[in-house]
Amino acid sequence: MTDTTFRRQVREARGEMVKFNEQIATGKRVRKGSDDSVAFTSGKLFEDLIRRNEQFQRNADNGLFQARTVQDSLSRMEDLLSTMKARAIEAGNDTKSADERESLANQFESMRDELLNISSTKYNGLHVFSGTASDAPPFERDAGAAGGVATLSTDRPLKVMVGDASVINTTITGVELRDTRAGDMFEIIQNTIDALRANDGPQIRDSIENLDETVNHVVGLSTRIANNINRLEYTNQRLGDNIIDQKGEVSRLVDADIIDSMLNFKNAQTSYDAILSSQSRMMQTSLLDYLR
(Lines give C-alpha, C1' and ligand atoms only; values in the text may rest on other atoms or scores of the structure.)
Protein backbone atom coordinates (compact mmCIF):
# COMPACT_ATOMS: atom_id res chain seq x y z
CA MET A 1 0.00 0.00 0.00
CA THR A 2 2.85 2.34 0.80
CA ASP A 3 4.50 1.58 -2.55
CA THR A 4 1.23 2.10 -4.46
CA THR A 5 0.62 5.40 -2.71
CA PHE A 6 4.18 6.49 -3.44
CA ARG A 7 3.88 5.68 -7.14
CA ARG A 8 0.58 7.55 -7.41
CA GLN A 9 2.00 10.62 -5.68
CA VAL A 10 5.09 10.60 -7.89
CA ARG A 11 2.97 10.24 -11.03
CA GLU A 12 0.67 13.12 -10.02
CA ALA A 13 3.54 15.39 -9.03
CA ARG A 14 5.42 14.61 -12.25
CA GLY A 15 2.25 15.27 -14.26
CA GLU A 16 1.84 18.68 -12.60
CA MET A 17 5.46 19.54 -13.40
CA VAL A 18 4.99 18.53 -17.06
CA LYS A 19 1.75 20.53 -17.33
CA PHE A 20 3.22 23.75 -15.98
CA ASN A 21 6.43 23.28 -17.93
CA GLU A 22 4.38 23.03 -21.15
CA GLN A 23 2.51 26.20 -20.21
CA ILE A 24 5.82 28.00 -19.77
CA ALA A 25 7.19 26.63 -23.06
CA THR A 26 4.09 27.25 -25.20
CA GLY A 27 2.48 30.16 -23.40
CA LYS A 28 -0.83 28.27 -23.53
CA ARG A 29 -2.94 27.21 -20.59
CA VAL A 30 -5.46 25.37 -22.77
CA ARG A 31 -4.12 23.29 -25.66
CA LYS A 32 -6.76 20.56 -25.83
CA GLY A 33 -10.34 20.03 -24.76
CA SER A 34 -9.39 18.10 -21.65
CA ASP A 35 -7.50 21.11 -20.27
CA ASP A 36 -10.70 23.23 -20.11
CA SER A 37 -13.54 22.19 -22.40
CA VAL A 38 -15.46 25.49 -22.18
CA ALA A 39 -12.42 27.69 -22.79
CA PHE A 40 -11.16 25.39 -25.56
CA THR A 41 -14.50 25.48 -27.45
CA SER A 42 -14.94 29.24 -27.02
CA GLY A 43 -11.37 29.83 -28.15
CA LYS A 44 -11.93 27.81 -31.32
CA LEU A 45 -15.07 29.81 -32.14
CA PHE A 46 -13.17 33.07 -31.73
CA GLU A 47 -10.28 31.77 -33.85
CA ASP A 48 -12.72 30.91 -36.67
CA LEU A 49 -14.16 34.42 -36.42
CA ILE A 50 -10.68 35.92 -36.53
CA ARG A 51 -9.79 33.97 -39.69
CA ARG A 52 -13.01 35.11 -41.39
CA ASN A 53 -12.43 38.75 -40.43
CA GLU A 54 -8.81 38.57 -41.56
CA GLN A 55 -10.03 37.39 -44.98
CA PHE A 56 -12.55 40.26 -45.09
CA GLN A 57 -9.71 42.63 -44.20
CA ARG A 58 -7.55 41.27 -47.04
CA ASN A 59 -10.51 41.77 -49.38
CA ALA A 60 -10.87 45.36 -48.17
CA ASP A 61 -7.14 46.01 -48.67
CA ASN A 62 -7.30 44.69 -52.22
CA GLY A 63 -10.48 46.65 -52.90
CA LEU A 64 -8.85 49.84 -51.66
CA PHE A 65 -5.93 49.53 -54.06
CA GLN A 66 -8.31 48.73 -56.90
CA ALA A 67 -10.66 51.63 -56.12
CA ARG A 68 -7.75 54.08 -55.77
CA THR A 69 -6.47 52.97 -59.17
CA VAL A 70 -9.90 53.78 -60.61
CA GLN A 71 -9.96 57.14 -58.81
CA ASP A 72 -6.55 58.10 -60.20
CA SER A 73 -7.63 57.13 -63.72
CA LEU A 74 -10.86 59.14 -63.45
CA SER A 75 -8.85 62.15 -62.29
CA ARG A 76 -6.67 61.92 -65.40
CA MET A 77 -9.77 61.57 -67.58
CA GLU A 78 -11.29 64.64 -65.93
CA ASP A 79 -8.14 66.62 -66.77
CA LEU A 80 -8.29 65.49 -70.41
CA LEU A 81 -11.98 66.31 -70.79
CA SER A 82 -11.47 69.69 -69.13
CA THR A 83 -8.69 70.40 -71.63
CA MET A 84 -11.03 69.38 -74.47
CA LYS A 85 -13.66 71.78 -73.18
CA ALA A 86 -11.09 74.60 -72.95
CA ARG A 87 -9.92 73.88 -76.51
CA ALA A 88 -13.53 73.89 -77.75
CA ILE A 89 -14.10 77.29 -76.12
CA GLU A 90 -10.92 78.50 -77.80
CA ALA A 91 -12.01 77.06 -81.17
CA GLY A 92 -15.51 78.58 -80.85
CA ASN A 93 -14.02 82.02 -81.34
CA ASP A 94 -14.77 83.14 -84.90
CA THR A 95 -11.28 84.61 -85.19
CA LYS A 96 -9.94 81.05 -85.46
CA SER A 97 -9.01 79.99 -88.96
CA ALA A 98 -9.89 76.69 -90.59
CA ASP A 99 -6.26 75.55 -90.29
CA GLU A 100 -6.20 76.34 -86.58
CA ARG A 101 -9.42 74.42 -86.05
CA GLU A 102 -8.00 71.50 -88.05
CA SER A 103 -4.97 71.51 -85.74
CA LEU A 104 -7.28 71.50 -82.73
CA ALA A 105 -9.21 68.56 -84.24
CA ASN A 106 -5.93 66.62 -84.37
CA GLN A 107 -5.33 67.47 -80.70
CA PHE A 108 -8.82 66.22 -79.87
CA GLU A 109 -8.08 62.91 -81.57
CA SER A 110 -4.84 62.56 -79.61
CA MET A 111 -6.64 63.30 -76.36
CA ARG A 112 -9.37 60.78 -77.23
CA ASP A 113 -6.68 58.16 -77.84
CA GLU A 114 -5.18 58.98 -74.45
CA LEU A 115 -8.65 58.69 -72.91
CA LEU A 116 -8.91 55.18 -74.37
CA ASN A 117 -5.44 54.33 -73.05
CA ILE A 118 -6.41 55.45 -69.55
CA SER A 119 -9.63 53.43 -69.73
CA SER A 120 -7.47 50.32 -70.30
CA THR A 121 -5.79 50.74 -66.90
CA LYS A 122 -5.22 47.46 -65.08
CA TYR A 123 -4.78 46.57 -61.44
CA ASN A 124 -3.43 43.17 -60.49
CA GLY A 125 -3.96 41.98 -64.07
CA LEU A 126 -7.60 43.12 -64.27
CA HIS A 127 -8.97 45.94 -66.44
CA VAL A 128 -10.68 48.15 -63.88
CA PHE A 129 -13.18 49.71 -66.32
CA SER A 130 -14.30 46.46 -67.97
CA GLY A 131 -16.69 45.28 -65.28
CA THR A 132 -16.81 41.52 -64.92
CA ALA A 133 -15.19 41.12 -68.37
CA SER A 134 -11.95 42.32 -66.81
CA ASP A 135 -9.65 40.16 -68.91
CA ALA A 136 -10.08 42.56 -71.88
CA PRO A 137 -10.01 46.36 -72.29
CA PRO A 138 -13.39 48.10 -71.90
CA PHE A 139 -13.33 49.70 -75.39
CA GLU A 140 -11.98 49.14 -78.86
CA ARG A 141 -11.91 51.32 -81.95
CA ASP A 142 -14.79 50.49 -84.30
CA ALA A 143 -15.80 52.84 -87.11
CA GLY A 144 -19.34 51.48 -87.06
CA ALA A 145 -19.93 52.12 -83.34
CA ALA A 146 -21.08 55.34 -81.67
CA GLY A 147 -18.19 57.79 -81.64
CA GLY A 148 -16.03 55.20 -83.40
CA VAL A 149 -15.63 53.28 -80.14
CA ALA A 150 -17.28 49.95 -79.27
CA THR A 151 -17.92 48.81 -75.69
CA LEU A 152 -16.54 45.47 -74.50
CA SER A 153 -17.25 46.14 -70.84
CA THR A 154 -20.15 44.58 -68.97
CA ASP A 155 -22.54 46.70 -66.90
CA ARG A 156 -21.55 44.91 -63.65
CA PRO A 157 -18.66 46.47 -61.71
CA LEU A 158 -16.11 44.49 -59.72
CA LYS A 159 -16.95 44.13 -56.01
CA VAL A 160 -15.34 42.95 -52.81
CA MET A 161 -17.00 41.18 -49.89
CA VAL A 162 -16.02 42.81 -46.59
CA GLY A 163 -18.61 41.23 -44.30
CA ASP A 164 -21.12 38.43 -44.14
CA ALA A 165 -23.69 40.72 -45.80
CA SER A 166 -21.52 43.64 -46.95
CA VAL A 167 -20.35 44.07 -50.56
CA ILE A 168 -18.74 47.25 -51.93
CA ASN A 169 -18.18 48.21 -55.59
CA THR A 170 -14.53 48.99 -56.33
CA THR A 171 -14.69 49.90 -60.03
CA ILE A 172 -16.64 51.87 -62.63
CA THR A 173 -17.74 50.04 -65.77
CA GLY A 174 -17.13 51.23 -69.30
CA VAL A 175 -20.90 51.29 -69.80
CA GLU A 176 -21.25 53.81 -66.95
CA LEU A 177 -18.23 55.80 -68.05
CA ARG A 178 -19.47 56.68 -71.53
CA ASP A 179 -23.17 57.13 -70.68
CA THR A 180 -23.52 60.83 -69.79
CA ARG A 181 -26.73 62.85 -69.46
CA ALA A 182 -25.80 64.67 -72.68
CA GLY A 183 -25.33 61.39 -74.56
CA ASP A 184 -22.48 59.04 -75.37
CA MET A 185 -19.11 60.48 -74.33
CA PHE A 186 -17.22 59.30 -77.39
CA GLU A 187 -19.97 60.45 -79.73
CA ILE A 188 -19.82 63.92 -78.14
CA ILE A 189 -16.05 63.98 -78.70
CA GLN A 190 -16.39 62.76 -82.31
CA ASN A 191 -19.07 65.36 -83.06
CA THR A 192 -16.74 68.07 -81.76
CA ILE A 193 -13.91 66.76 -83.95
CA ASP A 194 -16.24 66.75 -86.98
CA ALA A 195 -17.32 70.34 -86.25
CA LEU A 196 -13.70 71.46 -85.97
CA ARG A 197 -12.78 69.83 -89.29
CA ALA A 198 -15.84 71.36 -90.92
CA ASN A 199 -14.85 74.79 -89.55
CA ASP A 200 -18.39 75.05 -88.18
CA GLY A 201 -18.30 77.74 -85.48
CA PRO A 202 -21.92 77.43 -84.27
CA GLN A 203 -21.63 73.63 -84.01
CA ILE A 204 -18.36 73.97 -82.12
CA ARG A 205 -20.00 76.34 -79.65
CA ASP A 206 -22.94 73.95 -79.25
CA SER A 207 -20.51 71.14 -78.34
CA ILE A 208 -19.10 73.09 -75.39
CA GLU A 209 -22.12 72.40 -73.19
CA ASN A 210 -21.97 68.68 -74.00
CA LEU A 211 -18.26 68.57 -73.22
CA ASP A 212 -18.99 70.34 -69.93
CA GLU A 213 -21.50 67.59 -69.15
CA THR A 214 -18.86 64.90 -69.79
CA VAL A 215 -16.59 66.63 -67.27
CA ASN A 216 -19.40 66.75 -64.70
CA HIS A 217 -20.20 63.10 -65.41
CA VAL A 218 -16.64 61.95 -64.71
CA VAL A 219 -16.50 64.12 -61.58
CA GLY A 220 -19.69 62.41 -60.38
CA LEU A 221 -18.21 58.96 -60.98
CA SER A 222 -15.04 60.01 -59.16
CA THR A 223 -17.12 61.20 -56.19
CA ARG A 224 -18.95 57.88 -56.08
CA ILE A 225 -15.74 55.85 -56.07
CA ALA A 226 -14.30 58.21 -53.41
CA ASN A 227 -17.30 57.44 -51.19
CA ASN A 228 -16.66 53.71 -51.65
CA ILE A 229 -13.00 54.25 -50.76
CA ASN A 230 -14.10 55.94 -47.53
CA ARG A 231 -16.39 52.99 -46.77
CA LEU A 232 -13.57 50.53 -47.42
CA GLU A 233 -11.16 52.47 -45.20
CA TYR A 234 -13.71 52.60 -42.38
CA THR A 235 -14.55 48.91 -42.78
CA ASN A 236 -10.86 47.99 -42.86
CA GLN A 237 -10.25 49.89 -39.62
CA ARG A 238 -13.30 48.37 -37.96
CA LEU A 239 -12.23 44.86 -38.95
CA GLY A 240 -8.75 45.51 -37.59
CA ASP A 241 -10.18 46.68 -34.26
CA ASN A 242 -12.48 43.64 -34.10
CA ILE A 243 -9.59 41.28 -34.78
CA ILE A 244 -7.54 42.85 -31.98
CA ASP A 245 -10.46 42.48 -29.56
CA GLN A 246 -11.11 38.88 -30.63
CA LYS A 247 -7.44 37.92 -30.28
CA GLY A 248 -7.50 39.45 -26.81
CA GLU A 249 -10.49 37.28 -25.92
CA VAL A 250 -8.72 34.15 -27.23
CA SER A 251 -5.68 35.08 -25.15
CA ARG A 252 -7.83 35.50 -22.05
CA LEU A 253 -9.40 32.09 -22.60
CA VAL A 254 -6.41 29.92 -23.49
CA ASP A 255 -3.15 31.74 -22.76
CA ALA A 256 -1.16 31.01 -19.64
CA ASP A 257 -0.03 33.53 -17.05
CA ILE A 258 3.70 32.78 -17.31
CA ILE A 259 4.50 34.07 -13.82
CA ASP A 260 1.77 31.92 -12.28
CA SER A 261 2.89 28.94 -14.35
CA MET A 262 6.49 29.36 -13.17
CA LEU A 263 5.36 29.57 -9.53
CA ASN A 264 3.13 26.52 -9.97
CA PHE A 265 5.98 24.62 -11.62
CA LYS A 266 8.28 25.48 -8.72
CA ASN A 267 5.65 24.31 -6.20
CA ALA A 268 5.12 21.07 -8.13
CA GLN A 269 8.86 20.49 -8.27
CA THR A 270 9.16 21.07 -4.50
CA SER A 271 6.32 18.63 -3.88
CA TYR A 272 7.93 16.07 -6.18
CA ASP A 273 11.28 16.37 -4.38
CA ALA A 274 9.54 16.06 -1.00
CA ILE A 275 7.79 12.85 -2.06
CA LEU A 276 11.07 11.33 -3.22
CA SER A 277 12.84 12.38 -0.04
CA SER A 278 10.06 10.97 2.15
CA GLN A 279 10.07 7.65 0.34
CA SER A 280 13.84 7.45 0.53
CA ARG A 281 13.70 7.72 4.34
CA MET A 282 10.92 5.11 4.54
CA MET A 283 12.91 2.65 2.47
CA GLN A 284 15.74 2.79 5.02
CA THR A 285 13.45 1.21 7.69
CA SER A 286 14.40 -2.48 8.22
CA LEU A 287 12.50 -5.46 9.66
CA LEU A 288 14.44 -5.10 12.90
CA ASP A 289 13.02 -1.57 13.29
CA TYR A 290 9.52 -3.02 13.22
CA LEU A 291 10.45 -5.91 15.65
CA ARG A 292 11.75 -3.46 18.24
# chains A, B, ... in the order shown; residues from 1 in each chain; ligands from 1
>>> select_by_dssp(residues="segment 156-274 of chain A", states="alpha helix (DSSP H)", output="count of residues only")
89
>>> residues_around(residues="Arg224 of chain A", least_positions_apart="2", cutoff="12 Å", atoms="only C-alpha atoms", output="ChimeraX atom specification")
/A:67-68,70-71,74,168-172,176,217-222,226-231
>>> residues_around(residues="segment 240-245 of chain A", least_positions_apart="5", cutoff="12 Å", atoms="only C-alpha atoms", output="list in words")
Phe46, Glu47, Asp48, Leu49, Ile50, Arg51, Arg52, Asn53, Glu54, Gln55, Phe56, Gln57, Arg58, Ala60, Asp61, Val162, Glu233, Tyr234, Thr235, Val250, Ser251 and Arg252 of chain A
>>> closest_residue(among="A:Gly148, A:Pro202, A:Pro138, A:Pro157", to="Gly174 of chain A", atoms="only C-alpha atoms")
A:Pro138
>>> select_by_dssp(residues="segment 74-225 of chain A", states="strand (DSSP E or B)", output="ChimeraX atom specification")
/A:122-123,126-127,139-141,149-151,159-163,166-169,179-180,183-184
>>> closest_residue(among="A:Arg205, A:Arg87, A:Arg197, A:Lys247", to="Glu102 of chain A", atoms="only C-alpha atoms")
A:Arg197
>>> residues_around(residues="Glu187 of chain A", least_positions_apart="2", cutoff="10 Å", atoms="only C-alpha atoms", output="short mmCIF file (atom, residue, chain, number, x, y, z; two decimals) with all heavy atoms, in the first residue's frame")
data_model
loop_
_atom_site.label_atom_id
_atom_site.label_comp_id
_atom_site.auth_asym_id
_atom_site.auth_seq_id
_atom_site.Cartn_x
_atom_site.Cartn_y
_atom_site.Cartn_z
N ALA A 145 -19.31 51.91 -84.66
CA ALA A 145 -19.93 52.12 -83.34
C ALA A 145 -20.07 53.62 -83.06
O ALA A 145 -19.49 54.47 -83.74
CB ALA A 145 -19.08 51.47 -82.26
N ALA A 146 -20.88 53.94 -82.05
CA ALA A 146 -21.08 55.34 -81.67
C ALA A 146 -19.75 55.98 -81.29
O ALA A 146 -19.00 55.44 -80.47
CB ALA A 146 -22.05 55.42 -80.48
N GLY A 147 -19.44 57.11 -81.92
CA GLY A 147 -18.19 57.79 -81.64
C GLY A 147 -16.97 57.05 -82.10
O GLY A 147 -15.85 57.41 -81.73
N GLY A 148 -17.16 55.99 -82.91
CA GLY A 148 -16.03 55.20 -83.40
C GLY A 148 -15.42 54.31 -82.34
O GLY A 148 -14.31 53.80 -82.52
N VAL A 149 -16.16 54.09 -81.24
CA VAL A 149 -15.63 53.28 -80.14
C VAL A 149 -16.70 52.28 -79.70
O VAL A 149 -17.82 52.67 -79.36
CB VAL A 149 -15.23 54.17 -78.94
CG1 VAL A 149 -14.76 53.30 -77.77
CG2 VAL A 149 -14.14 55.16 -79.34
N ARG A 178 -19.14 55.95 -70.30
CA ARG A 178 -19.47 56.68 -71.53
C ARG A 178 -20.90 57.19 -71.57
O ARG A 178 -21.25 57.99 -72.45
CB ARG A 178 -19.18 55.79 -72.74
CG ARG A 178 -20.10 54.60 -72.90
CD ARG A 178 -19.66 53.73 -74.09
NE ARG A 178 -19.69 54.44 -75.35
CZ ARG A 178 -19.12 54.01 -76.48
NH1 ARG A 178 -18.49 52.85 -76.49
NH2 ARG A 178 -19.19 54.72 -77.58
N GLY A 183 -25.49 62.40 -73.52
CA GLY A 183 -25.33 61.39 -74.56
C GLY A 183 -24.04 60.63 -74.40
O GLY A 183 -23.36 60.71 -73.37
N ASP A 184 -23.68 59.88 -75.42
CA ASP A 184 -22.48 59.04 -75.37
C ASP A 184 -21.22 59.90 -75.40
O ASP A 184 -21.07 60.79 -76.24
CB ASP A 184 -22.47 58.08 -76.56
CG ASP A 184 -21.29 57.14 -76.53
OD1 ASP A 184 -21.37 56.11 -75.85
OD2 ASP A 184 -20.26 57.46 -77.16
N MET A 185 -20.32 59.67 -74.46
CA MET A 185 -19.11 60.48 -74.33
C MET A 185 -18.29 60.51 -75.62
O MET A 185 -17.88 61.58 -76.10
CB MET A 185 -18.24 59.96 -73.18
CG MET A 185 -16.91 60.68 -73.03
SD MET A 185 -15.82 59.90 -71.82
CE MET A 185 -16.73 60.22 -70.32
N ILE A 189 -17.41 63.62 -78.28
CA ILE A 189 -16.05 63.98 -78.70
C ILE A 189 -15.93 63.94 -80.23
O ILE A 189 -15.37 64.86 -80.85
CB ILE A 189 -15.02 63.04 -78.04
CG1 ILE A 189 -15.01 63.25 -76.52
CG2 ILE A 189 -13.63 63.28 -78.62
CD1 ILE A 189 -14.18 62.24 -75.76
N GLN A 190 -16.48 62.89 -80.85
CA GLN A 190 -16.39 62.76 -82.31
C GLN A 190 -17.15 63.89 -83.00
O GLN A 190 -16.68 64.44 -84.01
CB GLN A 190 -16.94 61.41 -82.75
CG GLN A 190 -16.78 61.14 -84.24
CD GLN A 190 -15.34 61.16 -84.69
OE1 GLN A 190 -14.49 60.47 -84.11
NE2 GLN A 190 -15.03 61.96 -85.71
N ASN A 191 -18.31 64.26 -82.47
CA ASN A 191 -19.07 65.36 -83.06
C ASN A 191 -18.29 66.67 -82.98
O ASN A 191 -18.35 67.49 -83.92
CB ASN A 191 -20.41 65.51 -82.34
CG ASN A 191 -21.37 64.37 -82.65
OD1 ASN A 191 -21.20 63.66 -83.64
ND2 ASN A 191 -22.38 64.20 -81.81
N THR A 192 -17.57 66.87 -81.90
CA THR A 192 -16.74 68.07 -81.76
C THR A 192 -15.61 68.06 -82.78
O THR A 192 -15.30 69.09 -83.41
CB THR A 192 -16.17 68.17 -80.33
OG1 THR A 192 -17.23 68.08 -79.38
CG2 THR A 192 -15.44 69.49 -80.14
N ILE A 193 -14.99 66.89 -82.95
CA ILE A 193 -13.91 66.76 -83.95
C ILE A 193 -14.46 67.06 -85.35
O ILE A 193 -13.83 67.80 -86.14
CB ILE A 193 -13.29 65.35 -83.89
CG1 ILE A 193 -12.56 65.14 -82.57
CG2 ILE A 193 -12.35 65.12 -85.07
CD1 ILE A 193 -12.09 63.71 -82.33
#
>>> residues_around(residues="Leu104 of chain A", least_positions_apart="4", cutoff="9 Å", atoms="only C-alpha atoms", output="list in words")
Arg87, Ala88, Ala91, Asp99, Glu100, Phe108, Glu109, Ile193, Leu196 and Arg197 of chain A
